[in-house]
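A quick write-up on the structure given underneath.
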Amino acid sequence: MDVTEPVATADGVSKSFGDDGVLEAVDLIVEAGELLVLMGPNGVGKSVLLSCLAGSQRPSAGDVEVFGEPATARADTTSFLLQDALALEKLTGRENVNFYRRLHPQFTDAWRDHVARLGIADDLDRPVADYSGGMVRKLELAIAASIDVPLYLFDEPTAALDLATVPTVHELFREKRAAGKTLVVTSHRPMNADVADRLAFLAGGRIVATGAPEELLASVPPVLETRAANASALAAVADGEPFAVAGNVRAVVPSEYGAAADPEGVLADLAAETGIDRADLSIVEPTYTALFNYYTNGVPTTNGQ
Ligand SMILES: Nc1ncnc2c1ncn2[C@@H]1O[C@H](COP(=O)(O)OP(=O)(O)OP(=O)(O)O)[C@@H](O)[C@H]1O
């Protein structure tokens, strides 16, 4: 296996269910050893694209290759964490582990460490039917991560988890990557952008942006903030209505003023254009939520927040 070759590629992948088009000519390259987070709102097609990479769904058009071969559900190369479909409810946690241990030749003892870190070690002898949604997810994650393969495809691994557990999951992902593994993780939670080497945003059936998190943050149109008495002058340069946040007035500035990558240039231009003193103007640092909103709704803010 040549590690310099992409691990997985989607080339012009389209997927429809009846008349409903979900993916339209999606191109995506997953590089060896990267942690790629595929982001987008609910129902946009993240699971469908991941299933195509896993070989468990066939594209309606286009090609998917994994390790240079057409994607098929290959247990020797890929561990695929589906949404809510791994744990068998009638079995206990431990019986589930044993079931998957028998199923996968590459299953390792790492599950012991994973269940301890995820806080479900004391629940292993209870039936999964009695678990909360978050506990089921932790068990499934522990199982999927215990299979020693070069590629992990994790579909919404943190969706049902409490926020305190998310850093533990991120740590687990980073350890995998440090061990030379490749991970593709889907998420509609902006905070999962934090763990990514690279982000890909899915919207309207297409990948609309890919890049390192900091690179994409710099592509978000600036949000301007002022407390100046003549704050209403922001309306002249705003994209949409200015809005109030904690006593300040904020406005999204169209990207023709420049990206957040050049805040000084943007501020100088806008001070000149609005007549607001440069010292009274600042740019609000884009957050991952702003980034998510921008590539989902076209604006880096929702409801003025
Ligand atoms: N087997 C199927 N049959 C019909 N429609 C499907 C099927 N699988 C997915 N879809 C549709 O495809 C669209 C994308 O679904 P998908 O589960 O990929 O979204 P998602 O981005 O993963 O959402 P979420 O964040 O909620 O998990 C949805 O409209 C869904 O109803």
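Ligands are numbered from 1 in the order shown, chains are lettered A, B, ... in the order of the structure tokens, and residues start at 1 in each chain.
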Q: Counting only C-alpha atoms and all ligand atoms, name the residues that have an atom within 7 Å of an atom of ligand 1; the answer should be given as a VMD selection string.
A: chain A and resid 17 22 40 to 49 156 187 to 188
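Residues in contact range of Ala268 of chain A, defined as at most 12 Å between only C-alpha atoms, with sequence neighbours fewer than 3 positions away removed, read Leu224, Tyr257, Gly258, Asp262, Pro263, Glu264, Gly265, Ala271, Ala272, Glu273, Thr274, Gly275, Ile276, Asp277, Arg278, Ala279, Asp280, Leu281, Ser282 and Ile283 of chain A.
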Q | Selection near Leu35 of chain A, 9 Å with only C-alpha atoms, sequence-local residues under 6 positions removed, as a VMD selection string | A | chain A and resid 173 to 174 177 181 to 185 195 to 199
Would you write out those residues with C-alpha atoms, as a PDB file, in the first residue's frame?
```
ATOM      1  CA  PHE A 173      -9.209  10.467  17.261  1.00  0.00           C
ATOM      2  CA  ARG A 174      -5.873  12.251  17.708  1.00  0.00           C
ATOM      3  CA  ARG A 177      -4.066   9.820  13.676  1.00  0.00           C
ATOM      4  CA  LYS A 181      -4.541   6.033  10.732  1.00  0.00           C
ATOM      5  CA  THR A 182      -6.887   7.972   8.463  1.00  0.00           C
ATOM      6  CA  LEU A 183     -10.220   9.177   9.803  1.00  0.00           C
ATOM      7  CA  VAL A 184     -13.311  10.615   8.156  1.00  0.00           C
ATOM      8  CA  VAL A 185     -15.789  11.882  10.718  1.00  0.00           C
ATOM      9  CA  VAL A 195     -10.151  18.243  15.937  1.00  0.00           C
ATOM     10  CA  ALA A 196      -9.908  18.308  12.139  1.00  0.00           C
ATOM     11  CA  ASP A 197      -6.792  18.540  10.001  1.00  0.00           C
ATOM     12  CA  ARG A 198      -9.155  19.447   7.214  1.00  0.00           C
ATOM     13  CA  LEU A 199     -12.829  20.287   6.934  1.00  0.00           C
TER      14      LEU A 199
END
```
Q: Enumerate as an NGL selection string all residues of segment 28-205 of chain A assigned to helix (DSSP H, G or I) by DSSP on the backbone, naming them with the chain letters and numbers the document uses.
A: :A and (46-54 or 93-103 or 110-118 or 121-123 or 128-130 or 133-146 or 163-178 or 190-195)
**Q.** Distance of atom CA of Asn96 of chain A from atom CA of Val169 of chain A, expressed in Å to one decimal place
**A.** 20.1 Å
Q.
For a quick check of understanding, using only C-alpha atoms, which of A:Leu291, A:Val299, A:Val115, A:Ala238 has the smallest distance to Pro213 of chain A?
A.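 Nearest candidate to Pro213 of chain A out of A:Leu291, A:Val299, A:Val115, A:Ala238: A:Leu291.
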**Q.** Every residue of segment 36-133 of chain A that DSSP places in strand (DSSP E or B), as a list in words
**A.**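 Output for segment 36-133 of chain A, strand (DSSP E or B) only: Leu36, Val37, Leu38, Met39, Ala61, Gly62, Asp63, Val64, Glu65, Val66, Glu69, Pro70, Thr78, Ser79, Phe80, Leu81, Thr92, Phe107 and Pro127 of chain A.
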Those selected residues, please, written with C-alpha atoms and delivered as a PDB file, in the first residue's frame.
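Everything below was put into again.pdb:
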```
ATOM      1  CA  LEU A  36     -11.131  14.885   7.782  1.00  0.00           C
ATOM      2  CA  VAL A  37     -14.340  16.219   9.310  1.00  0.00           C
ATOM      3  CA  LEU A  38     -17.268  16.298   6.903  1.00  0.00           C
ATOM      4  CA  MET A  39     -19.673  18.962   8.108  1.00  0.00           C
ATOM      5  CA  ALA A  61     -23.380   7.856 -10.662  1.00  0.00           C
ATOM      6  CA  GLY A  62     -19.654   8.408 -10.228  1.00  0.00           C
ATOM      7  CA  ASP A  63     -16.881   6.340  -8.696  1.00  0.00           C
ATOM      8  CA  VAL A  64     -15.610   5.706  -5.204  1.00  0.00           C
ATOM      9  CA  GLU A  65     -12.212   4.176  -4.588  1.00  0.00           C
ATOM     10  CA  VAL A  66     -10.703   3.106  -1.287  1.00  0.00           C
ATOM     11  CA  GLU A  69      -9.965  -0.258  -5.440  1.00  0.00           C
ATOM     12  CA  PRO A  70     -13.706   0.218  -5.942  1.00  0.00           C
ATOM     13  CA  THR A  78     -12.191   0.003   7.040  1.00  0.00           C
ATOM     14  CA  SER A  79     -14.063   0.346  10.327  1.00  0.00           C
ATOM     15  CA  PHE A  80     -17.421   2.002   9.738  1.00  0.00           C
ATOM     16  CA  LEU A  81     -19.423   3.462  12.626  1.00  0.00           C
ATOM     17  CA  THR A  92     -25.242  -6.690  27.197  1.00  0.00           C
ATOM     18  CA  PHE A 107     -10.580  -6.621  16.695  1.00  0.00           C
ATOM     19  CA  PRO A 127     -28.435  -5.079  28.502  1.00  0.00           C
TER      20      PRO A 127
END
```
Q) Rounded to one decimal in Å, what is the spacing between atom CA of Ala110 of chain A and atom CA of Gly55 of chain A? A)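 So the answer is 25.3 Å.
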Q.
Give me, as an NGL selection string, all polymer residues having an atom no more than 10 Å from Pro157 of chain A, counting only C-alpha atoms and skipping those fewer than 4 positions away in the same chain.
A. :A and (81-84 or 134 or 137-138 or 140-141 or 153 or 161 or 166 or 169 or 185-187 or 192)
Prev. selection, C-alpha atoms, output as an mmCIF file, in the first residue's frame:
```cif
data_model
loop_
_atom_site.group_PDB
_atom_site.id
_atom_site.type_symbol
_atom_site.label_atom_id
_atom_site.label_comp_id
_atom_site.auth_asym_id
_atom_site.auth_seq_id
_atom_site.Cartn_x
_atom_site.Cartn_y
_atom_site.Cartn_z
ATOM 1 C CA LEU A 81 -19.423 3.462 12.626
ATOM 2 C CA LEU A 82 -22.974 3.871 11.393
ATOM 3 C CA GLN A 83 -25.608 5.967 13.120
ATOM 4 C CA ASP A 84 -27.395 3.853 15.744
ATOM 5 C CA GLY A 134 -25.260 8.450 24.758
ATOM 6 C CA ARG A 137 -23.012 5.630 21.210
ATOM 7 C CA LYS A 138 -20.039 5.260 23.564
ATOM 8 C CA GLU A 140 -20.440 1.615 19.527
ATOM 9 C CA LEU A 141 -17.536 4.019 19.360
ATOM 10 C CA LEU A 153 -15.329 6.186 8.933
ATOM 11 C CA LEU A 161 -22.771 12.515 23.743
ATOM 12 C CA VAL A 166 -16.453 15.255 23.379
ATOM 13 C CA VAL A 169 -13.497 11.392 21.809
ATOM 14 C CA VAL A 185 -15.789 11.882 10.718
ATOM 15 C CA THR A 186 -19.172 13.429 9.927
ATOM 16 C CA SER A 187 -20.685 16.043 12.178
ATOM 17 C CA ASN A 192 -15.957 18.997 16.043
#
```
Q: Could you jot down the atom CA of Leu124 of chain A to atom CA of Arg94 of chain A separation for me, Å, one decimal place?
A: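 Distance reported for this atom pair: 5.0 Å.
Omitting Pro286 of chain A and its sequence neighbours fewer than 3 positions away, and counting only C-alpha atoms, the residues within 8 Å are A:Leu217, A:Val220, A:Pro222, A:Val223, A:Thr289, A:Ala290, A:Leu291, A:Pro300.
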Q | Among the residues A:Gly93, A:Gln106, A:Lys176, A:Pro221, the one that comes closest to Ala121 of chain A [using only C-alpha atoms] | A |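 The shortest atom-to-atom distance to Ala121 of chain A comes from A:Gly93.
Shortest separation to Glu171 of chain A among A:Ala244, A:Val252, A:Ala236, A:Leu118 occurs at residue A:Leu118, atoms counted being only C-alpha atoms.
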Q | Spatial neighbours of Ala129 of chain A, max dist 9 Å, only C-alpha atoms, sep filter under 3 positions, as a list of chain:residue names | A |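 Once the nearby chain positions are removed, what remains is A:Leu88, A:Glu89, A:Lys90, A:Leu91, A:Thr92, A:Arg126, A:Ser132, A:Val136.
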Kindly save the residues from that selection, with C-alpha atoms included, as a compact mmCIF listing (two decimals), in the first residue's frame.
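Produced file selection.txt, reproduced below:
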```
# COMPACT_ATOMS: atom_id res chain seq x y z
CA LEU A 88 -27.46 -5.22 19.47
CA GLU A 89 -30.08 -4.22 22.04
CA LYS A 90 -30.82 -7.66 23.45
CA LEU A 91 -27.19 -8.26 24.36
CA THR A 92 -25.24 -6.69 27.20
CA ARG A 126 -26.32 -4.46 31.61
CA SER A 132 -29.21 5.80 27.33
CA VAL A 136 -25.06 3.21 23.27
```
Q: Point out the residue among A:Phe67, A:Thr296, A:Arg102, A:Asp76 with the least atom-to-atom distance to Ala203 of chain A, counting only C-alpha atoms.
A: A:Thr296
